[in-house]
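*Asks:* Below is the file model09.txt, with compact mmCIF, N, CA, C and O atoms.
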# COMPACT_ATOMS: atom_id res chain seq x y z
N MET A 1 -150.29 -117.45 98.46
CA MET A 1 -151.02 -117.00 97.29
C MET A 1 -152.35 -116.41 97.78
O MET A 1 -153.09 -117.04 98.51
N SER A 2 -152.61 -115.21 97.36
CA SER A 2 -153.82 -114.54 97.82
C SER A 2 -154.93 -114.62 96.78
O SER A 2 -154.71 -114.96 95.62
N THR A 3 -156.11 -114.26 97.23
CA THR A 3 -157.27 -114.26 96.34
C THR A 3 -157.09 -113.26 95.21
O THR A 3 -157.49 -113.51 94.07
N ARG A 4 -156.47 -112.13 95.53
CA ARG A 4 -156.29 -111.10 94.50
C ARG A 4 -155.35 -111.59 93.40
O ARG A 4 -155.55 -111.27 92.24
N ASN A 5 -154.33 -112.37 93.76
CA ASN A 5 -153.44 -112.93 92.74
C ASN A 5 -154.18 -113.94 91.87
O ASN A 5 -153.96 -113.99 90.66
N ILE A 6 -155.03 -114.74 92.49
CA ILE A 6 -155.78 -115.74 91.74
C ILE A 6 -156.75 -115.07 90.77
O ILE A 6 -156.84 -115.45 89.60
N LEU A 7 -157.45 -114.03 91.23
CA LEU A 7 -158.38 -113.33 90.35
C LEU A 7 -157.65 -112.61 89.22
O LEU A 7 -158.10 -112.62 88.07
N ALA A 8 -156.52 -111.99 89.55
CA ALA A 8 -155.75 -111.28 88.52
C ALA A 8 -155.22 -112.26 87.48
O ALA A 8 -155.26 -111.99 86.28
N SER A 9 -154.71 -113.40 87.94
CA SER A 9 -154.19 -114.38 86.98
C SER A 9 -155.32 -115.05 86.20
O SER A 9 -155.14 -115.41 85.04
N LEU A 10 -156.47 -115.19 86.83
CA LEU A 10 -157.63 -115.77 86.13
C LEU A 10 -158.04 -114.90 84.95
O LEU A 10 -158.46 -115.42 83.91
N SER A 11 -157.87 -113.60 85.09
CA SER A 11 -158.21 -112.72 83.97
C SER A 11 -157.31 -112.98 82.76
O SER A 11 -157.74 -112.87 81.62
N TYR A 12 -156.05 -113.35 83.01
CA TYR A 12 -155.15 -113.69 81.90
C TYR A 12 -155.42 -115.11 81.39
O TYR A 12 -155.44 -115.34 80.18
N PHE A 13 -155.61 -116.06 82.31
CA PHE A 13 -155.83 -117.45 81.90
C PHE A 13 -157.19 -117.67 81.24
O PHE A 13 -157.42 -118.71 80.63
N SER A 14 -158.08 -116.71 81.35
CA SER A 14 -159.39 -116.87 80.72
C SER A 14 -159.30 -116.87 79.20
O SER A 14 -160.30 -117.11 78.52
N ILE A 15 -158.12 -116.64 78.66
CA ILE A 15 -157.91 -116.73 77.21
C ILE A 15 -158.24 -118.15 76.73
O ILE A 15 -158.60 -118.36 75.59
N PHE A 16 -158.19 -119.13 77.65
CA PHE A 16 -158.48 -120.52 77.30
C PHE A 16 -159.98 -120.82 77.26
O PHE A 16 -160.41 -121.68 76.50
N PHE A 17 -160.77 -120.15 78.10
CA PHE A 17 -162.17 -120.57 78.21
C PHE A 17 -163.19 -119.45 78.02
O PHE A 17 -164.29 -119.72 77.60
N ALA A 18 -162.88 -118.22 78.32
CA ALA A 18 -163.85 -117.13 78.13
C ALA A 18 -163.10 -115.81 77.92
O ALA A 18 -163.18 -114.91 78.75
N PRO A 19 -162.39 -115.71 76.81
CA PRO A 19 -161.65 -114.47 76.59
C PRO A 19 -162.62 -113.30 76.49
O PRO A 19 -163.75 -113.45 76.07
N ILE A 20 -162.19 -112.18 76.89
CA ILE A 20 -162.92 -110.91 76.88
C ILE A 20 -163.97 -110.87 77.99
O ILE A 20 -164.05 -109.89 78.73
N LEU A 21 -164.75 -111.93 78.19
CA LEU A 21 -165.84 -111.90 79.16
C LEU A 21 -165.33 -111.83 80.60
O LEU A 21 -165.75 -110.96 81.37
N VAL A 22 -164.43 -112.73 80.99
CA VAL A 22 -163.95 -112.77 82.37
C VAL A 22 -163.19 -111.49 82.75
O VAL A 22 -163.49 -110.90 83.79
N PRO A 23 -162.24 -111.02 81.93
CA PRO A 23 -161.57 -109.78 82.32
C PRO A 23 -162.52 -108.58 82.38
O PRO A 23 -162.38 -107.72 83.26
N LEU A 24 -163.49 -108.54 81.49
CA LEU A 24 -164.45 -107.45 81.51
C LEU A 24 -165.27 -107.45 82.79
O LEU A 24 -165.45 -106.41 83.44
N VAL A 25 -165.76 -108.61 83.18
CA VAL A 25 -166.55 -108.73 84.41
C VAL A 25 -165.68 -108.39 85.62
O VAL A 25 -166.11 -107.64 86.51
N LEU A 26 -164.47 -108.93 85.68
CA LEU A 26 -163.59 -108.62 86.81
C LEU A 26 -163.24 -107.14 86.87
O LEU A 26 -163.19 -106.56 87.96
N TRP A 27 -163.02 -106.53 85.74
CA TRP A 27 -162.67 -105.12 85.70
C TRP A 27 -163.83 -104.25 86.19
O TRP A 27 -163.64 -103.28 86.92
N ILE A 28 -165.06 -104.61 85.82
CA ILE A 28 -166.23 -103.83 86.22
C ILE A 28 -166.60 -104.08 87.68
O ILE A 28 -166.94 -103.15 88.41
N VAL A 29 -166.52 -105.32 88.13
CA VAL A 29 -167.06 -105.71 89.43
C VAL A 29 -166.10 -105.45 90.58
O VAL A 29 -166.53 -105.05 91.67
N THR A 30 -164.81 -105.61 90.38
CA THR A 30 -163.87 -105.58 91.49
C THR A 30 -163.64 -104.16 92.03
O THR A 30 -163.71 -103.18 91.29
N ASN A 31 -163.37 -104.11 93.32
CA ASN A 31 -162.99 -102.85 93.97
C ASN A 31 -161.49 -102.76 94.18
O ASN A 31 -160.98 -101.72 94.58
N ASP A 32 -160.81 -103.86 93.98
CA ASP A 32 -159.37 -103.93 94.20
C ASP A 32 -158.64 -103.38 92.98
O ASP A 32 -158.82 -103.87 91.86
N ARG A 33 -157.82 -102.37 93.18
CA ARG A 33 -157.12 -101.74 92.05
C ARG A 33 -156.13 -102.69 91.39
O ARG A 33 -155.91 -102.63 90.18
N TYR A 34 -155.51 -103.56 92.17
CA TYR A 34 -154.55 -104.53 91.63
C TYR A 34 -155.24 -105.46 90.64
O TYR A 34 -154.77 -105.66 89.53
N VAL A 35 -156.37 -106.01 91.04
CA VAL A 35 -157.12 -106.92 90.18
C VAL A 35 -157.68 -106.17 88.98
O VAL A 35 -157.63 -106.66 87.84
N ALA A 36 -158.18 -104.95 89.20
CA ALA A 36 -158.75 -104.16 88.11
C ALA A 36 -157.68 -103.82 87.07
O ALA A 36 -157.96 -103.87 85.86
N ARG A 37 -156.48 -103.51 87.52
CA ARG A 37 -155.40 -103.17 86.58
C ARG A 37 -155.04 -104.37 85.71
O ARG A 37 -154.91 -104.26 84.49
N HIS A 38 -154.91 -105.53 86.35
CA HIS A 38 -154.57 -106.73 85.57
C HIS A 38 -155.74 -107.17 84.69
O HIS A 38 -155.53 -107.65 83.58
N ALA A 39 -156.96 -106.98 85.16
CA ALA A 39 -158.12 -107.34 84.34
C ALA A 39 -158.20 -106.44 83.11
O ALA A 39 -158.51 -106.90 82.01
N LYS A 40 -157.90 -105.16 83.28
CA LYS A 40 -157.91 -104.24 82.15
C LYS A 40 -156.82 -104.60 81.15
O LYS A 40 -157.05 -104.62 79.94
N ASN A 41 -155.62 -104.91 81.65
CA ASN A 41 -154.53 -105.33 80.76
C ASN A 41 -154.89 -106.61 80.02
O ASN A 41 -154.60 -106.77 78.83
N ALA A 42 -155.49 -107.56 80.73
CA ALA A 42 -155.88 -108.82 80.11
C ALA A 42 -156.98 -108.59 79.08
O ALA A 42 -156.98 -109.22 78.01
N LEU A 43 -157.91 -107.69 79.39
CA LEU A 43 -158.98 -107.39 78.44
C LEU A 43 -158.42 -106.86 77.12
O LEU A 43 -158.81 -107.31 76.04
N VAL A 44 -157.48 -105.95 77.22
CA VAL A 44 -156.86 -105.40 76.01
C VAL A 44 -156.10 -106.49 75.27
O VAL A 44 -156.19 -106.61 74.04
N SER A 45 -155.38 -107.34 76.02
CA SER A 45 -154.60 -108.38 75.36
C SER A 45 -155.48 -109.52 74.84
O SER A 45 -154.99 -110.38 74.10
N HIS A 46 -156.75 -109.54 75.18
CA HIS A 46 -157.69 -110.50 74.60
C HIS A 46 -158.41 -109.91 73.39
O HIS A 46 -158.75 -110.63 72.46
N ILE A 47 -158.66 -108.61 73.43
CA ILE A 47 -159.36 -107.96 72.32
C ILE A 47 -158.45 -107.85 71.10
O ILE A 47 -158.88 -108.09 69.97
N VAL A 48 -157.20 -107.49 71.31
CA VAL A 48 -156.27 -107.27 70.20
C VAL A 48 -156.10 -108.53 69.33
O VAL A 48 -156.21 -108.43 68.11
N PRO A 49 -155.86 -109.72 69.89
CA PRO A 49 -155.76 -110.90 69.01
C PRO A 49 -157.06 -111.21 68.28
O PRO A 49 -157.04 -111.68 67.14
N THR A 50 -158.18 -110.92 68.91
CA THR A 50 -159.46 -111.14 68.24
C THR A 50 -159.58 -110.24 67.02
O THR A 50 -159.97 -110.69 65.94
N VAL A 51 -159.20 -108.99 67.18
CA VAL A 51 -159.22 -108.05 66.05
C VAL A 51 -158.22 -108.50 64.98
O VAL A 51 -158.52 -108.47 63.78
N PHE A 52 -157.02 -108.93 65.42
CA PHE A 52 -156.01 -109.40 64.47
C PHE A 52 -156.51 -110.60 63.68
O PHE A 52 -156.31 -110.69 62.47
N LEU A 53 -157.16 -111.54 64.35
CA LEU A 53 -157.64 -112.73 63.64
C LEU A 53 -158.76 -112.39 62.66
O LEU A 53 -158.81 -112.94 61.56
N VAL A 54 -159.64 -111.49 63.05
CA VAL A 54 -160.70 -111.06 62.12
C VAL A 54 -160.08 -110.38 60.91
O VAL A 54 -160.45 -110.65 59.76
N MET A 55 -159.09 -109.51 61.16
CA MET A 55 -158.41 -108.83 60.05
C MET A 55 -157.68 -109.85 59.17
O MET A 55 -157.67 -109.72 57.94
N ALA A 56 -157.07 -110.85 59.79
CA ALA A 56 -156.35 -111.87 59.02
C ALA A 56 -157.30 -112.63 58.11
O ALA A 56 -156.99 -112.88 56.94
N ILE A 57 -158.45 -112.98 58.64
CA ILE A 57 -159.43 -113.70 57.83
C ILE A 57 -159.93 -112.83 56.68
O ILE A 57 -160.04 -113.29 55.54
N VAL A 58 -160.19 -111.56 56.97
CA VAL A 58 -160.66 -110.65 55.93
C VAL A 58 -159.60 -110.48 54.84
O VAL A 58 -159.90 -110.56 53.64
N PHE A 59 -158.34 -110.27 55.24
CA PHE A 59 -157.29 -110.10 54.25
C PHE A 59 -157.04 -111.38 53.46
O PHE A 59 -156.79 -111.35 52.27
N PHE A 60 -157.12 -112.52 54.16
CA PHE A 60 -156.92 -113.79 53.47
C PHE A 60 -158.03 -114.03 52.45
O PHE A 60 -157.77 -114.41 51.31
N MET A 61 -159.27 -113.79 52.86
CA MET A 61 -160.39 -114.01 51.95
C MET A 61 -160.36 -113.03 50.79
O MET A 61 -160.67 -113.40 49.66
N SER A 62 -159.97 -111.79 51.04
CA SER A 62 -159.88 -110.83 49.93
C SER A 62 -158.75 -111.23 48.97
O SER A 62 -158.87 -111.02 47.77
N GLY A 63 -157.69 -111.80 49.51
CA GLY A 63 -156.61 -112.28 48.66
C GLY A 63 -157.01 -113.48 47.84
O GLY A 63 -156.58 -113.65 46.69
N VAL A 64 -157.86 -114.33 48.40
CA VAL A 64 -158.31 -115.51 47.68
C VAL A 64 -159.27 -115.11 46.56
O VAL A 64 -159.22 -115.64 45.46
N PHE A 65 -160.15 -114.15 46.85
CA PHE A 65 -161.14 -113.76 45.85
C PHE A 65 -160.56 -112.87 44.75
O PHE A 65 -161.06 -112.86 43.64
N PHE A 66 -159.53 -112.10 45.09
CA PHE A 66 -158.89 -111.25 44.10
C PHE A 66 -157.48 -111.79 43.91
O PHE A 66 -156.59 -111.56 44.70
N ILE A 67 -157.28 -112.54 42.85
CA ILE A 67 -156.07 -113.31 42.62
C ILE A 67 -154.82 -112.45 42.68
O ILE A 67 -153.78 -112.88 43.18
N GLN A 68 -154.86 -111.20 42.26
CA GLN A 68 -153.65 -110.37 42.24
C GLN A 68 -153.17 -110.06 43.67
O GLN A 68 -152.03 -109.68 43.86
N ASN A 69 -154.03 -110.21 44.67
CA ASN A 69 -153.65 -109.90 46.04
C ASN A 69 -153.46 -111.15 46.89
O ASN A 69 -153.42 -111.06 48.11
N VAL A 70 -153.36 -112.31 46.29
CA VAL A 70 -153.31 -113.54 47.07
C VAL A 70 -152.07 -113.59 47.95
O VAL A 70 -152.15 -114.02 49.10
N PHE A 71 -150.93 -113.14 47.47
CA PHE A 71 -149.72 -113.19 48.29
C PHE A 71 -149.75 -112.18 49.42
O PHE A 71 -149.28 -112.46 50.53
N VAL A 72 -150.33 -111.03 49.16
CA VAL A 72 -150.50 -110.03 50.22
C VAL A 72 -151.46 -110.56 51.28
O VAL A 72 -151.22 -110.42 52.48
N GLY A 73 -152.54 -111.18 50.83
CA GLY A 73 -153.51 -111.75 51.76
C GLY A 73 -152.90 -112.84 52.63
O GLY A 73 -153.11 -112.88 53.84
N ILE A 74 -152.11 -113.70 52.03
CA ILE A 74 -151.47 -114.78 52.79
C ILE A 74 -150.42 -114.21 53.74
O ILE A 74 -150.33 -114.63 54.89
N ALA A 75 -149.64 -113.23 53.29
CA ALA A 75 -148.62 -112.62 54.14
C ALA A 75 -149.26 -111.93 55.35
O ALA A 75 -148.78 -112.08 56.49
N LEU A 76 -150.34 -111.20 55.14
CA LEU A 76 -151.01 -110.54 56.25
C LEU A 76 -151.67 -111.55 57.17
O LEU A 76 -151.70 -111.37 58.39
N PHE A 77 -152.21 -112.62 56.60
CA PHE A 77 -152.79 -113.69 57.42
C PHE A 77 -151.73 -114.29 58.35
O PHE A 77 -151.97 -114.47 59.54
N VAL A 78 -150.56 -114.56 57.80
CA VAL A 78 -149.47 -115.11 58.62
C VAL A 78 -148.99 -114.10 59.65
O VAL A 78 -148.78 -114.45 60.82
N LEU A 79 -148.86 -112.84 59.27
CA LEU A 79 -148.41 -111.81 60.19
C LEU A 79 -149.38 -111.63 61.36
O LEU A 79 -148.98 -111.64 62.52
N PHE A 80 -150.67 -111.50 61.05
CA PHE A 80 -151.65 -111.33 62.11
C PHE A 80 -151.78 -112.59 62.96
O PHE A 80 -152.01 -112.51 64.17
N GLY A 81 -151.61 -113.74 62.34
CA GLY A 81 -151.62 -114.99 63.11
C GLY A 81 -150.45 -115.07 64.08
O GLY A 81 -150.62 -115.49 65.23
N LEU A 82 -149.28 -114.66 63.65
CA LEU A 82 -148.11 -114.65 64.54
C LEU A 82 -148.28 -113.65 65.67
O LEU A 82 -147.92 -113.95 66.83
N LEU A 83 -148.82 -112.48 65.38
CA LEU A 83 -149.06 -111.49 66.43
C LEU A 83 -150.07 -112.02 67.45
O LEU A 83 -149.91 -111.82 68.65
N SER A 84 -151.09 -112.71 66.98
CA SER A 84 -152.07 -113.31 67.88
C SER A 84 -151.43 -114.39 68.74
O SER A 84 -151.71 -114.49 69.94
N LEU A 85 -150.56 -115.20 68.16
CA LEU A 85 -149.87 -116.24 68.91
C LEU A 85 -148.96 -115.64 69.97
O LEU A 85 -148.91 -116.13 71.11
N ILE A 86 -148.27 -114.57 69.64
CA ILE A 86 -147.40 -113.90 70.60
C ILE A 86 -148.22 -113.37 71.78
O ILE A 86 -147.84 -113.53 72.94
N LEU A 87 -149.36 -112.75 71.51
CA LEU A 87 -150.20 -112.25 72.59
C LEU A 87 -150.82 -113.37 73.41
O LEU A 87 -151.01 -113.24 74.62
N PHE A 88 -151.12 -114.49 72.77
CA PHE A 88 -151.63 -115.66 73.49
C PHE A 88 -150.58 -116.16 74.49
O PHE A 88 -150.87 -116.42 75.66
N ILE A 89 -149.35 -116.28 74.03
CA ILE A 89 -148.25 -116.72 74.91
C ILE A 89 -148.00 -115.69 76.00
O ILE A 89 -147.73 -116.04 77.15
N TRP A 90 -148.11 -114.41 75.67
CA TRP A 90 -147.91 -113.36 76.66
C TRP A 90 -148.96 -113.46 77.77
O TRP A 90 -148.65 -113.26 78.94
N ASN A 91 -150.21 -113.79 77.42
CA ASN A 91 -151.25 -113.96 78.43
C ASN A 91 -150.91 -115.11 79.38
O ASN A 91 -151.10 -114.98 80.60
N ILE A 92 -150.41 -116.19 78.85
CA ILE A 92 -150.02 -117.31 79.70
C ILE A 92 -148.87 -116.91 80.61
O ILE A 92 -148.89 -117.18 81.82
N PHE A 93 -147.88 -116.22 80.05
CA PHE A 93 -146.73 -115.76 80.84
C PHE A 93 -147.18 -114.83 81.95
O PHE A 93 -146.74 -114.97 83.11
N MET A 94 -148.03 -113.87 81.64
CA MET A 94 -148.48 -112.92 82.65
C MET A 94 -149.33 -113.60 83.73
O MET A 94 -149.24 -113.24 84.91
N GLY A 95 -150.14 -114.57 83.34
CA GLY A 95 -150.92 -115.30 84.34
C GLY A 95 -150.04 -116.03 85.33
O GLY A 95 -150.29 -116.01 86.53
N ILE A 96 -148.98 -116.66 84.84
CA ILE A 96 -148.03 -117.35 85.72
C ILE A 96 -147.27 -116.35 86.57
O ILE A 96 -147.08 -116.55 87.78
N LYS A 97 -146.87 -115.24 85.97
CA LYS A 97 -146.13 -114.21 86.70
C LYS A 97 -146.96 -113.63 87.85
O LYS A 97 -146.46 -113.44 88.96
N VAL A 98 -148.22 -113.35 87.58
CA VAL A 98 -149.09 -112.78 88.62
C VAL A 98 -149.33 -113.80 89.73
O VAL A 98 -149.39 -113.43 90.90
N LEU A 99 -149.45 -115.07 89.39
CA LEU A 99 -149.61 -116.09 90.42
C LEU A 99 -148.39 -116.19 91.33
O LEU A 99 -148.52 -116.48 92.52
N GLN A 100 -147.23 -115.93 90.79
CA GLN A 100 -146.00 -116.05 91.57
C GLN A 100 -145.68 -114.80 92.38
O GLN A 100 -144.82 -114.85 93.24
N GLU A 101 -146.35 -113.68 92.10
CA GLU A 101 -146.09 -112.45 92.84
C GLU A 101 -146.51 -112.60 94.28
O GLU A 101 -147.47 -113.30 94.60
N ASN A 102 -145.81 -111.90 95.13
CA ASN A 102 -146.13 -111.90 96.56
C ASN A 102 -146.68 -110.52 96.91
O ASN A 102 -145.92 -109.59 97.13
N THR A 103 -147.99 -110.39 96.96
CA THR A 103 -148.61 -109.12 97.32
C THR A 103 -149.20 -109.26 98.71
O THR A 103 -150.26 -109.82 98.90
N ALA A 104 -148.49 -108.73 99.67
CA ALA A 104 -148.93 -108.85 101.07
C ALA A 104 -149.84 -107.71 101.49
O ALA A 104 -150.47 -107.78 102.53
N TRP A 105 -149.92 -106.66 100.69
CA TRP A 105 -150.75 -105.54 101.13
C TRP A 105 -152.13 -105.63 100.65
O TRP A 105 -152.76 -106.14 99.98
Could you spell out this file's structure in structure tokens?

*Replies:*
Amino acid sequence: MSTRNILASLSYFSIFFAPILVPLVLWIVTNDRYVARHAKNALVSHIVPTVFLVMAIVFFMSGVFFIQNVFVGIALFVLFGLLSLILFIWNIFMGIKVLQENTAW
């Protein structure tokens, strides 16, 4: 296991402790294209669930305040929550996958 694999997987696993921040720093600071590519992918996969959750909260709250849209608000809340969960699991999967890769170059 190389340092580049650890850094690349850390960008995905940072969803647990510092989402967005760690991949952004790794993407800006690193000179290694392998790490930068994975950091950029992790950054996007951390930003998207954040946007989804904010949208879910907004739609849920608008549905609660405007009674005629309550079912739409709840449906969108569940949809965006599921999409966020899928991306969360994908980050864990990619972190494990990158750790298991053998990059000798």

*Asks:* Given the choices A:Lys40, A:Ile89, A:Leu83, A:Glu101, which gets closest to A:Ser2 if the distance is worked out from all atoms listed in the file?

*Replies:*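 Checking each of A:Lys40, A:Ile89, A:Leu83, A:Glu101 against A:Ser2, counting all atoms listed in the file, the winner is A:Glu101.
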
*Asks:* Between atom O of A:Ile28 and atom O of A:Val51, what distance in Å does the model show, to one decimal?

*Replies:* 26.6 Å

*Asks:* Find, counting all atoms listed in the file, the residue in A:Met55, A:Ile20, A:Ile15, A:Ser9 that gets nearest to A:Phe88.

*Replies:*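 With all atoms listed in the file as the atom set, the closest residue is A:Ile15.
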
*Asks:* Find the residue from A:Val48, A:Phe77, A:Phe71, A:Ala39 that sits nearest to A:Val25; use only N, CA, C and O atoms when measuring.

*Replies:*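 The closest residue to A:Val25 is A:Ala39.
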
*Asks:* May I ask which of the residues A:Met94, A:Val54, A:Leu26, A:Val35 is the closest one to A:Thr3, counting all atoms listed in the file?

*Replies:*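 Selected residue with least distance to A:Thr3: A:Val35.
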
*Asks:* What does the distance from atom N of A:Leu21 to atom O of A:His38 come to in Å, to one decimal?

*Replies:*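 Separating atom N of A:Leu21 from atom O of A:His38 is a distance of 11.5 Å.
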
*Asks:* Quick one: pull the distance between atom CA of A:Phe80 and atom CA of A:Phe52, Å, one decimal.

*Replies:*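 Computed distance, atom CA of A:Phe80 to atom CA of A:Phe52, equals 5.3 Å.
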
*Asks:* Any idea what's packed within 8 Å of A:Leu99, counting all atoms listed in the file, ignoring anything in its chain fewer than 2 positions away? Could you give it as an MDAnalysis selection string?

*Replies:* chainID A and resid 1:2 4:6 8:10 92:97 101:103

*Asks:* Using only N, CA, C and O atoms, can you tell me which of A:Ala42, A:Arg37, A:Val58, A:Leu24 comes closest to A:Asn91?

*Replies:*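 Ranked by minimum distance to A:Asn91, first place goes to A:Ala42.
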
*Asks:* My list of candidates is A:Val98, A:Val72, A:Leu43, A:Met61. Which is closest to A:Val22 when distances are computed with only C-alpha atoms?

*Replies:*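 Selected residue with least distance to A:Val22: A:Leu43.
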
*Asks:* Please extract the residues of chain A with a backbone DSSP assignment of alpha helix (DSSP H) and present them as JSON, numbers by chain.

*Replies:* {"A": [3, 4, 5, 6, 7, 8, 9, 10, 11, 12, 13, 21, 22, 23, 24, 25, 26, 27, 28, 29, 33, 34, 35, 36, 37, 38, 39, 40, 41, 42, 43, 44, 45, 46, 47, 48, 49, 50, 51, 52, 53, 54, 55, 56, 57, 58, 59, 60, 61, 62, 63, 64, 65, 70, 71, 72, 73, 74, 75, 76, 77, 78, 79, 80, 81, 82, 83, 84, 85, 86, 87, 88, 89, 90, 91, 92, 93, 94, 95, 96, 97, 98, 99, 100]}
